[in-house]
file my_file-v3.cif (mmCIF, C-alpha atoms)
data_final
loop_
_atom_site.label_atom_id
_atom_site.label_comp_id
_atom_site.auth_asym_id
_atom_site.auth_seq_id
_atom_site.Cartn_x
_atom_site.Cartn_y
_atom_site.Cartn_z
CA MET A 4 173.85 104.26 -93.12
CA LEU A 5 177.63 104.41 -93.26
CA GLU A 6 177.66 101.43 -95.64
CA VAL A 7 175.44 103.29 -98.08
CA ALA A 8 177.54 106.44 -97.72
CA LYS A 9 180.73 104.44 -98.16
CA GLU A 10 179.59 103.25 -101.58
CA GLU A 11 179.34 106.84 -102.76
CA VAL A 12 182.61 107.82 -101.07
CA THR A 13 184.38 105.05 -102.95
CA ARG A 14 182.70 106.02 -106.22
CA GLN A 15 183.85 109.61 -105.77
CA ASN A 16 187.38 108.63 -104.72
CA ALA A 17 187.04 110.90 -101.70
CA LEU A 18 190.05 111.47 -99.47
CA ARG A 19 188.09 112.86 -96.58
CA VAL A 20 184.46 113.13 -95.60
CA GLU A 21 183.43 116.41 -93.99
CA ALA A 22 179.75 115.75 -93.55
CA ILE A 23 176.82 113.47 -94.31
CA TYR A 24 173.46 115.14 -94.93
CA ILE A 25 170.39 113.07 -94.26
CA LYS A 26 166.63 113.52 -94.33
CA LEU A 27 164.69 112.00 -91.50
CA GLY A 28 160.91 111.78 -91.73
CA GLN A 29 158.90 111.81 -88.53
CA LEU A 30 157.49 108.41 -89.48
CA SER A 31 160.83 106.80 -90.25
CA GLY A 32 160.95 105.09 -86.88
CA VAL A 33 164.35 106.61 -86.17
CA VAL A 34 165.04 109.25 -83.56
CA LYS A 35 167.41 112.09 -84.35
CA GLU A 36 169.07 112.06 -80.95
CA ALA A 37 169.77 108.34 -81.14
CA LEU A 38 171.40 108.73 -84.55
CA LEU A 39 173.56 111.62 -83.40
CA PHE A 40 174.54 109.75 -80.25
CA SER A 41 175.73 106.67 -82.11
CA TYR A 42 177.23 108.49 -85.08
CA ASN A 43 180.65 109.29 -83.64
CA ILE A 44 181.03 105.79 -82.25
CA ALA A 45 180.10 104.22 -85.58
CA CYS A 46 182.53 106.49 -87.43
CA GLU A 47 185.56 105.64 -85.31
CA GLY A 48 188.35 104.10 -87.33
CA THR A 49 186.61 104.72 -90.65
CA ILE A 50 186.91 107.38 -93.34
CA PHE A 51 183.96 109.10 -91.64
CA GLN A 52 185.85 109.75 -88.40
CA GLY A 53 185.59 113.42 -87.48
CA SER A 54 182.78 114.13 -89.95
CA ARG A 55 179.50 115.84 -89.11
CA LEU A 56 176.06 114.32 -89.39
CA VAL A 57 173.58 116.94 -90.55
CA ILE A 58 169.97 115.86 -90.05
CA GLU A 59 167.03 117.57 -91.65
CA GLU A 60 163.85 116.48 -89.92
CA LEU A 61 160.77 116.30 -92.11
CA PRO A 62 157.27 116.69 -90.72
CA VAL A 63 154.46 114.50 -91.99
CA ILE A 64 152.54 115.92 -94.92
CA VAL A 65 149.22 114.34 -95.86
CA TYR A 66 146.74 114.99 -98.63
CA CYS A 67 143.36 116.11 -97.36
CA SER A 68 140.65 114.98 -99.75
CA VAL A 69 138.16 117.49 -98.35
CA CYS A 70 140.41 120.57 -98.68
CA GLN A 71 142.03 118.99 -101.77
CA LYS A 72 145.33 120.26 -100.47
CA GLU A 73 148.49 118.91 -98.89
CA ARG A 74 148.62 119.66 -95.18
CA THR A 75 151.35 119.36 -92.58
CA LEU A 76 150.29 117.36 -89.53
CA ILE A 77 150.62 119.09 -86.21
CA SER A 78 151.38 115.81 -84.49
CA ILE A 79 151.97 112.24 -85.65
CA GLN A 80 149.53 111.24 -82.94
CA ASN A 81 146.76 112.78 -84.92
CA PHE A 82 146.39 112.07 -88.63
CA SER A 83 143.70 114.63 -89.23
CA CYS A 84 143.75 117.71 -91.40
CA PRO A 85 144.74 120.68 -89.20
CA ILE A 86 142.22 122.85 -91.05
CA CYS A 87 139.06 120.74 -91.46
CA ASN A 88 139.80 117.86 -89.05
CA THR A 89 139.17 115.11 -91.61
CA LEU A 90 141.13 111.94 -90.89
CA THR A 91 143.48 111.13 -93.71
CA PHE A 92 146.11 108.48 -94.34
CA ASP A 93 147.34 109.67 -97.70
CA VAL A 94 150.93 110.33 -96.59
CA LYS A 95 152.96 112.47 -98.99
CA GLN A 96 156.02 113.01 -96.82
CA GLY A 97 157.37 111.74 -93.52
CA ARG A 98 158.66 108.21 -94.12
CA GLU A 99 162.08 109.35 -95.41
CA LEU A 100 165.27 107.87 -94.07
CA GLU A 101 167.78 108.78 -96.69
CA ILE A 102 171.16 110.27 -97.42
CA VAL A 103 170.80 113.38 -99.55
CA ALA A 104 174.36 114.59 -99.87
CA LEU A 105 177.98 114.11 -98.87
CA GLU A 106 180.51 116.84 -98.29
CA ILE A 107 183.84 115.43 -99.35
CA GLN A 108 187.45 116.30 -100.09
CA THR A 109 188.74 114.79 -103.29
CA MET B 20 196.48 125.65 -101.49
CA THR B 21 193.73 123.53 -100.01
CA ILE B 22 190.78 122.60 -102.13
CA PRO B 23 187.48 123.37 -100.45
CA PRO B 24 185.26 120.37 -99.84
CA ARG B 25 182.56 119.77 -102.40
CA LEU B 26 179.00 118.68 -101.96
CA VAL B 27 177.88 115.55 -103.78
CA GLU B 28 174.18 114.83 -104.10
CA VAL B 29 173.33 111.25 -103.19
CA ARG B 30 169.65 110.50 -102.56
CA GLU B 31 169.95 106.96 -101.32
CA LYS B 32 167.64 105.26 -98.87
CA ILE B 33 169.58 104.30 -95.78
CA LEU B 34 167.75 101.00 -95.53
CA LYS B 35 167.94 100.40 -99.27
CA GLN B 36 169.63 97.03 -98.87
CA ASN B 37 166.83 95.85 -96.64
CA ASP B 38 164.19 97.40 -98.89
CA LEU B 39 165.61 95.75 -102.01
CA LEU B 40 165.86 92.37 -100.36
CA ALA B 41 162.34 92.69 -98.95
CA GLN B 42 161.06 93.53 -102.41
CA SER B 43 162.69 90.46 -103.91
CA LEU B 44 161.29 88.32 -101.08
CA ARG B 45 157.84 89.74 -101.74
CA GLN B 46 158.10 88.76 -105.39
CA LYS B 47 159.31 85.31 -104.45
CA PHE B 48 156.39 84.86 -102.05
CA GLU B 49 153.90 85.93 -104.69
CA LYS B 50 155.40 83.63 -107.28
CA SER B 51 155.34 80.70 -104.86
CA GLY B 52 151.75 81.40 -103.91
CA VAL B 53 152.45 81.85 -100.21
CA TYR B 54 150.65 84.58 -98.31
CA VAL B 55 152.93 86.20 -95.74
CA ILE B 56 151.60 87.84 -92.60
CA SER B 57 153.86 89.47 -90.02
CA LEU B 58 152.93 90.17 -86.43
CA VAL B 59 154.33 93.01 -84.38
CA SER B 60 153.57 94.07 -80.81
CA SER B 61 155.17 94.75 -77.48
CA PRO B 62 156.45 91.74 -75.55
CA GLY B 63 153.61 89.81 -73.94
CA SER B 64 150.72 91.09 -76.05
CA GLY B 65 149.79 87.59 -77.10
CA LYS B 66 151.37 87.09 -80.53
CA THR B 67 152.35 83.51 -79.80
CA LYS B 68 149.04 82.67 -78.16
CA LEU B 69 147.08 84.03 -81.10
CA LEU B 70 149.28 82.08 -83.50
CA GLU B 71 148.88 78.88 -81.49
CA LYS B 72 145.10 79.10 -81.78
CA THR B 73 145.16 80.25 -85.38
CA LEU B 74 147.54 77.51 -86.48
CA SER B 75 145.73 74.71 -84.73
CA TRP B 76 142.64 75.72 -86.68
CA MET B 77 144.48 76.22 -89.97
CA TYR B 78 146.56 73.08 -90.19
CA GLN B 79 143.64 70.90 -91.29
CA LYS B 80 143.02 73.07 -94.32
CA TYR B 81 146.27 74.78 -95.12
CA SER B 82 149.96 74.21 -95.22
CA VAL B 83 151.34 76.78 -92.80
CA ALA B 84 154.77 77.79 -91.56
CA VAL B 85 155.99 80.21 -88.92
CA LEU B 86 159.18 82.13 -88.36
CA VAL B 87 159.54 83.35 -84.80
CA GLY B 88 161.94 86.11 -83.89
CA ASP B 89 163.26 86.29 -80.38
CA LEU B 90 166.28 87.75 -78.66
CA ALA B 91 167.35 84.72 -76.72
CA THR B 92 165.06 81.74 -76.29
CA ASP B 93 163.26 79.28 -78.51
CA ASN B 94 160.35 78.99 -76.06
CA ASP B 95 157.87 80.41 -78.56
CA ALA B 96 158.97 78.03 -81.29
CA ILE B 97 158.53 75.11 -78.91
CA ARG B 98 155.03 76.31 -78.05
CA LEU B 99 154.14 76.67 -81.71
CA SER B 100 155.62 73.36 -82.82
CA SER B 101 152.78 71.55 -81.04
CA THR B 102 150.42 72.95 -83.69
CA ASN B 103 151.78 70.80 -86.54
CA ALA B 104 152.91 73.87 -88.44
CA LEU B 105 156.44 74.12 -89.77
CA VAL B 106 158.24 76.31 -87.21
CA LYS B 107 161.65 77.91 -87.17
CA GLN B 108 163.16 80.15 -84.54
CA ILE B 109 165.28 83.13 -85.49
CA ILE B 110 167.39 84.04 -82.49
CA THR B 111 168.47 87.62 -83.02
CA GLY B 112 170.91 87.89 -80.13
CA THR B 113 171.11 91.54 -79.21
CA ILE B 114 169.12 92.78 -82.20
CA CYS B 115 165.67 94.02 -81.31
CA HIS B 116 163.93 93.39 -84.63
CA LEU B 117 163.89 91.09 -87.66
CA ASP B 118 165.20 92.26 -91.00
CA ALA B 119 164.78 90.92 -94.52
CA GLN B 120 168.16 89.18 -94.47
CA MET B 121 167.26 87.16 -91.39
CA VAL B 122 164.01 86.12 -93.04
CA GLU B 123 165.75 85.09 -96.24
CA ASN B 124 168.36 83.07 -94.33
CA ALA B 125 165.72 81.31 -92.28
CA LEU B 126 163.75 80.32 -95.37
CA LYS B 127 166.67 78.76 -97.22
CA ASP B 128 165.81 75.11 -96.65
CA TRP B 129 162.03 75.48 -96.95
CA ASP B 130 160.08 74.83 -100.10
CA LEU B 131 157.91 77.91 -100.33
CA LYS B 132 155.80 76.41 -103.10
CA SER B 133 154.47 73.79 -100.71
CA LEU B 134 153.13 76.49 -98.35
CA ASP B 135 149.85 78.40 -98.40
CA CYS B 136 150.68 80.79 -95.62
CA LEU B 137 153.71 81.98 -93.69
CA PHE B 138 153.50 83.87 -90.43
CA ILE B 139 156.44 85.92 -89.24
CA GLU B 140 156.32 86.73 -85.54
CA ASN B 141 158.62 89.67 -85.00
CA VAL B 142 160.59 90.33 -81.84
CA GLY B 143 158.38 91.91 -79.18
CA ASN B 144 159.20 95.58 -79.68
CA LEU B 145 157.14 98.55 -80.80
CA VAL B 146 159.93 100.71 -82.16
CA CYS B 147 162.51 99.21 -84.52
CA PRO B 148 160.37 96.59 -86.33
CA SER B 149 158.40 99.45 -87.88
CA SER B 150 161.36 100.50 -90.05
CA TYR B 151 162.13 97.10 -91.56
CA ASP B 152 160.17 95.72 -94.48
CA LEU B 153 160.21 91.91 -94.38
CA GLY B 154 158.47 91.36 -97.70
CA GLU B 155 155.20 90.53 -95.99
CA ALA B 156 151.84 91.01 -97.69
CA LEU B 157 150.17 92.10 -94.49
CA ARG B 158 151.47 93.53 -91.22
CA ILE B 159 149.38 93.06 -88.13
CA VAL B 160 149.92 95.02 -84.94
CA LEU B 161 148.61 93.60 -81.68
CA MET B 162 147.84 95.43 -78.46
CA SER B 163 146.43 93.77 -75.38
CA VAL B 164 143.79 95.41 -73.22
CA THR B 165 146.23 95.36 -70.30
CA GLU B 166 148.61 97.72 -72.09
CA GLY B 167 146.31 100.70 -71.92
CA GLU B 168 144.29 102.59 -74.49
CA ASP B 169 147.07 105.04 -75.29
CA LYS B 170 149.53 102.51 -76.78
CA PRO B 171 148.89 103.85 -80.30
CA LEU B 172 149.69 107.40 -79.21
CA LYS B 173 152.90 106.30 -77.53
CA TYR B 174 154.07 104.29 -80.54
CA PRO B 175 152.38 105.89 -83.55
CA THR B 176 154.90 104.63 -86.10
CA ILE B 177 154.30 100.93 -85.50
CA PHE B 178 150.54 101.41 -85.83
CA ASN B 179 151.10 103.63 -88.79
CA THR B 180 153.03 101.00 -90.72
CA ALA B 181 150.53 98.23 -89.92
CA ASP B 182 147.65 97.09 -92.13
CA ILE B 183 145.48 95.52 -89.44
CA ALA B 184 145.21 96.02 -85.67
CA VAL B 185 144.15 93.36 -83.19
CA ILE B 186 143.12 94.09 -79.62
CA THR B 187 143.97 90.96 -77.61
CA LYS B 188 143.15 89.50 -74.18
CA LEU B 189 139.54 90.57 -74.47
CA ASP B 190 138.71 88.28 -71.52
CA LEU B 191 140.61 90.72 -69.27
CA ALA B 192 138.99 93.88 -70.57
CA LYS B 193 136.50 94.20 -67.74
CA ALA B 194 139.08 93.65 -65.04
CA VAL B 195 141.28 96.45 -66.38
CA GLU B 196 138.30 98.67 -67.29
CA PHE B 197 139.49 98.92 -70.87
CA ASP B 198 137.91 101.86 -72.66
CA PHE B 199 137.19 100.56 -76.18
CA LEU B 200 135.93 103.86 -77.53
CA LEU B 201 139.10 105.63 -76.49
CA ALA B 202 141.30 102.84 -77.85
CA TYR B 203 139.54 102.95 -81.21
CA LYS B 204 139.81 106.70 -81.32
CA ASN B 205 143.55 106.52 -80.64
CA ILE B 206 144.15 103.79 -83.20
CA GLN B 207 142.26 105.72 -85.87
CA ALA B 208 144.08 108.93 -84.98
CA VAL B 209 147.48 107.44 -85.81
CA ARG B 210 146.36 105.13 -88.61
CA PRO B 211 143.08 106.29 -90.15
CA GLY B 212 141.01 103.59 -91.82
CA ILE B 213 142.74 100.58 -90.26
CA LYS B 214 140.55 97.52 -89.63
CA VAL B 215 140.50 96.48 -85.98
CA PHE B 216 139.73 93.06 -84.50
CA GLU B 217 138.95 92.36 -80.84
CA LEU B 218 139.55 88.89 -79.55
CA SER B 219 140.70 86.58 -76.81
CA ALA B 220 142.73 83.62 -78.01
CA LYS B 221 142.24 82.15 -74.56
CA SER B 222 138.46 82.30 -74.29
CA GLY B 223 137.83 82.10 -78.02
CA GLN B 224 135.84 85.32 -78.05
CA GLY B 225 136.17 87.09 -81.41
CA MET B 226 138.17 84.22 -82.88
CA ASP B 227 135.52 83.27 -85.46
CA GLU B 228 135.64 86.65 -87.11
CA TRP B 229 139.43 86.59 -87.06
CA LEU B 230 139.73 83.13 -88.59
CA GLU B 231 137.18 83.99 -91.23
CA PHE B 232 139.28 87.01 -92.12
CA ILE B 233 142.43 84.89 -92.45
CA GLN B 234 140.57 82.39 -94.58
CA LYS B 235 139.34 85.13 -96.90
CA LEU B 236 142.89 86.47 -97.26
CA LEU B 237 144.14 83.06 -98.31
CA GLN B 238 141.32 82.62 -100.81
CA LYS B 239 142.19 85.95 -102.34
CA GLY B 240 145.96 85.48 -102.14
#
call {"tool": "encode", "arguments": {"input": "my_file-v3.cif", "output": "C-alpha cells"}}
result
Amino acid sequence: MLEVAKEEVTRQNALRVEAIYIKLGQLSGVVKEALLFSYNIACEGTIFQGSRLVIEELPVIVYCSVCQKERTLISIQNFSCPICNTLTFDVKQGRELEIVALEIQT
Amino acid sequence: MTIPPRLVEVREKILKQNDLLAQSLRQKFEKSGVYVISLVSSPGSGKTKLLEKTLSWMYQKYSVAVLVGDLATDNDAIRLSSTNALVKQIITGTICHLDAQMVENALKDWDLKSLDCLFIENVGNLVCPSSYDLGEALRIVLMSVTEGEDKPLKYPTIFNTADIAVITKLDLAKAVEFDFLLAYKNIQAVRPGIKVFELSAKSGQGMDEWLEFIQKLLQKG
C-alpha cells in the first residue's frame, strides 16, 4: 500500500504526508484493525511516518434481479436480498482495496 | 506562513502490481494454451491428496505441471513428484499466501506451450490467498468434512472468490456426522450459484465426476 502511495507522493513532490485515505470493501480479504495495527510500524523511517490512515469501510452491495434494484447485504455470510431473500452473486461493491486520496504538504 | 495540506485524489488499487502481473500471466497462459487451476483451503483439507489422485489419472492423457506453495517444507512436492507430473515447490518462508510474482518466478524455466494444464496449490490458509489473483482460470476451494459445516460462514471471502467448491474426505462424513444440507446451505449463502463436488480421494468416491469435470474443462480450454 505504501509503495503505491509513494508513487503518487513522488509525482506530487510532496514534502510531508498528513494522511492516506483508503476504501476497504468487506470482501477485500483485509481487516481494518490489522491494517491500522501495522500501519505505524510500516511507516517508520519513511515519508509516511506520523501520518494518519483513514479507512472508509464499504459494505457489500449486490444487484437483486427480482427487485431489479441494488441492495446492501446485511451480512457477508448471507448473499441474499434483504428485502425478497433471493440469493444473488451480482456484486456491485465490496471488493475494493484502494487508495482514494492523499493529504500532503507540498 | 504555513501552507495548509492539500488533498490529492488518487484512486489506485493497493494490490495493483499483483493484479497487473496476474493479468499478464493470464494472457500468457491463454496464449500458451495451458489451463490454470488454483486450489485453496485450510491446511490439511486434502489439496495434495486430491492432486495426487487427479495427476496420476491425468498424466496418461495430458501434460500437467504443479506449483506447490508451502511455508517451510517440500514434502508436498515430493509426494506429487511420484505422479510423473512436472512439480515445483515454492517455499514462501513466512508469507502465508502465494502472489503473482512468486508464480511468475517459479515458471521461468518451464515451457508453458508444452503443458495442457497447470495446478497451483496455494499455501494452506483461508484468509490471505483470497486477495491475490494468480492469473488462474479457475479457483477451487476445498473443505473437508472434518472441518465442520460452518467453514464457509467463518471464511466467507475465500468461498466468495472461488469458482468451484469441493467437499473432501467423504469417507469420514459418517464418523463426524457431517450435515450435507447445512454445508450446502452455508456454501450457497456466501457464494450463490457455486458448483459443489463431494469426493474422497482416498476411497475414490465421487472421483469419476470430478475427473470428468476436469477433462471437460481441458477440452473447452
call {"tool": "residues_around", "arguments": {"input": "my_file-v3.cif", "residues": "A:Leu90", "least_positions_apart": "6", "cutoff": "9 Å", "atoms": "only C-alpha atoms", "output": "count of residues only"}}
result
10
call {"tool": "closest_residue", "arguments": {"input": "my_file-v3.cif", "among": "A:Leu38, A:Ile64, A:Val103, A:Val57", "to": "A:Glu21", "atoms": "all atoms listed in the file"}}
result
A:Val57
call {"tool": "resolve_selection", "arguments": {"input": "my_file-v3.cif", "expression": "the PyMOL selection byres ((chain A) within 10 of (chain B))", "output": "compact mmCIF listing (two decimals) with C-alpha atoms, in the coordinates of the input"}}
result
# COMPACT_ATOMS: atom_id res chain seq x y z
CA MET A 4 173.85 104.26 -93.12
CA LEU A 5 177.63 104.41 -93.26
CA GLU A 6 177.66 101.43 -95.64
CA VAL A 7 175.44 103.29 -98.08
CA ALA A 8 177.54 106.44 -97.72
CA GLU A 11 179.34 106.84 -102.76
CA VAL A 12 182.61 107.82 -101.07
CA GLN A 15 183.85 109.61 -105.77
CA ALA A 17 187.04 110.90 -101.70
CA ARG A 19 188.09 112.86 -96.58
CA VAL A 20 184.46 113.13 -95.60
CA GLU A 21 183.43 116.41 -93.99
CA ALA A 22 179.75 115.75 -93.55
CA ILE A 23 176.82 113.47 -94.31
CA TYR A 24 173.46 115.14 -94.93
CA ILE A 25 170.39 113.07 -94.26
CA LYS A 26 166.63 113.52 -94.33
CA GLN A 29 158.90 111.81 -88.53
CA LEU A 30 157.49 108.41 -89.48
CA SER A 31 160.83 106.80 -90.25
CA GLY A 32 160.95 105.09 -86.88
CA VAL A 33 164.35 106.61 -86.17
CA SER A 78 151.38 115.81 -84.49
CA ILE A 79 151.97 112.24 -85.65
CA GLN A 80 149.53 111.24 -82.94
CA ASN A 81 146.76 112.78 -84.92
CA PHE A 82 146.39 112.07 -88.63
CA SER A 83 143.70 114.63 -89.23
CA THR A 89 139.17 115.11 -91.61
CA LEU A 90 141.13 111.94 -90.89
CA THR A 91 143.48 111.13 -93.71
CA PHE A 92 146.11 108.48 -94.34
CA ASP A 93 147.34 109.67 -97.70
CA ARG A 98 158.66 108.21 -94.12
CA GLU A 99 162.08 109.35 -95.41
CA LEU A 100 165.27 107.87 -94.07
CA GLU A 101 167.78 108.78 -96.69
CA ILE A 102 171.16 110.27 -97.42
CA VAL A 103 170.80 113.38 -99.55
CA ALA A 104 174.36 114.59 -99.87
CA LEU A 105 177.98 114.11 -98.87
CA GLU A 106 180.51 116.84 -98.29
CA ILE A 107 183.84 115.43 -99.35
CA GLN A 108 187.45 116.30 -100.09
CA THR A 109 188.74 114.79 -103.29
call {"tool": "resolve_selection", "arguments": {"input": "my_file-v3.cif", "expression": "the PyMOL selection byres ((chain B and resi 122) around 12)", "output": "ChimeraX atom specification"}}
result
/B:37,40-41,43-45,48,55,57,85-88,107-111,116-121,123-129,137-141,151-155
call {"tool": "atom_distance", "arguments": {"input": "my_file-v3.cif", "atom1": "atom CA of A:Gln96", "atom2": "atom CA of A:Leu61"}}
result
7.5 Å
call {"tool": "atom_distance", "arguments": {"input": "my_file-v3.cif", "atom1": "atom CA of B:Leu230", "atom2": "atom CA of B:Glu71"}}
result
12.3 Å
call {"tool": "residues_around", "arguments": {"input": "my_file-v3.cif", "residues": "A:Val34", "least_positions_apart": "6", "cutoff": "10 Å", "atoms": "all atoms listed in the file", "output": "list in words"}}
result
Leu27, Gly28 and Glu60 of chain A
call {"tool": "resolve_selection", "arguments": {"input": "my_file-v3.cif", "expression": "the PyMOL selection byres ((chain A and resi 53) around 9)", "output": "list in words"}}
result
Val20, Glu21, Ala22, Asn43, Cys46, Glu47, Ile50, Phe51, Gln52, Ser54 and Arg55 of chain A
call {"tool": "atom_distance", "arguments": {"input": "my_file-v3.cif", "atom1": "atom CA of B:Phe178", "atom2": "atom CA of B:Ser163"}}
result
13.6 Å
call {"tool": "residues_around", "arguments": {"input": "my_file-v3.cif", "residues": "stretch 166-170 of chain B", "least_positions_apart": "6", "cutoff": "7 Å", "atoms": "all atoms listed in the file", "output": "PyMOL selection string"}}
result
chain B and resi 198+201-202+205
call {"tool": "write_last_selection", "arguments": {"input": "my_file-v3.cif", "atoms": "C-alpha atoms", "output": "JSON list (two decimals), keeping the file's coordinate frame"}}
result
[["chain", "number", "residue", "atom", "x", "y", "z"],
["B", 198, "ASP", "CA", 137.91, 101.86, -72.66],
["B", 201, "LEU", "CA", 139.10, 105.63, -76.49],
["B", 202, "ALA", "CA", 141.30, 102.84, -77.85],
["B", 205, "ASN", "CA", 143.55, 106.52, -80.64]]
call {"tool": "closest_residue", "arguments": {"input": "my_file-v3.cif", "among": "B:Leu157, B:Glu217, B:Gln238, B:Gly143", "to": "B:Lys66", "atoms": "all atoms listed in the file"}}
result
B:Gly143
call {"tool": "residues_around", "arguments": {"input": "my_file-v3.cif", "residues": "B:Gly52", "least_positions_apart": "4", "cutoff": "12 Å", "atoms": "all atoms listed in the file", "output": "list of chain:residue names"}}
result
B:Arg45, B:Gln46, B:Lys47, B:Phe48, B:Ser82, B:Asp130, B:Leu131, B:Lys132, B:Ser133, B:Leu134, B:Asp135, B:Cys136, B:Leu137, B:Ala156, B:Leu237, B:Gln238, B:Lys239, B:Gly240
call {"tool": "closest_residue", "arguments": {"input": "my_file-v3.cif", "among": "A:Ala37, A:Leu18, A:Cys87, A:Val94", "to": "A:Pro62", "atoms": "all atoms listed in the file"}}
result
A:Val94
call {"tool": "residues_around", "arguments": {"input": "my_file-v3.cif", "residues": "stretch 185-191 of chain B", "least_positions_apart": "5", "cutoff": "8 Å", "atoms": "only C-alpha atoms", "output": "ChimeraX atom specification"}}
result
/B:64-65,159-165,215-222,224
call {"tool": "decode", "arguments": {"input": "my_file-v3.cif", "residues": "stretch 25-42 of chain A", "atoms": "C-alpha atoms", "output": "compact mmCIF listing (two decimals), in the first residue's frame"}}
result
# COMPACT_ATOMS: atom_id res chain seq x y z
CA ILE A 25 -8.37 4.26 1.60
CA LYS A 26 -11.53 2.37 0.74
CA LEU A 27 -11.86 -1.10 2.13
CA GLY A 28 -14.62 -3.36 0.86
CA GLN A 29 -15.97 -6.04 3.17
CA LEU A 30 -14.93 -8.66 0.62
CA SER A 31 -11.39 -7.38 0.16
CA GLY A 32 -9.99 -10.01 2.48
CA VAL A 33 -8.32 -7.34 4.59
CA VAL A 34 -9.31 -6.42 8.12
CA LYS A 35 -9.38 -2.79 9.16
CA GLU A 36 -7.87 -3.42 12.58
CA ALA A 37 -4.95 -5.36 11.11
CA LEU A 38 -4.19 -2.54 8.69
CA LEU A 39 -4.31 0.09 11.41
CA PHE A 40 -2.16 -2.04 13.69
CA SER A 41 0.60 -2.48 11.13
CA TYR A 42 0.39 1.00 9.64
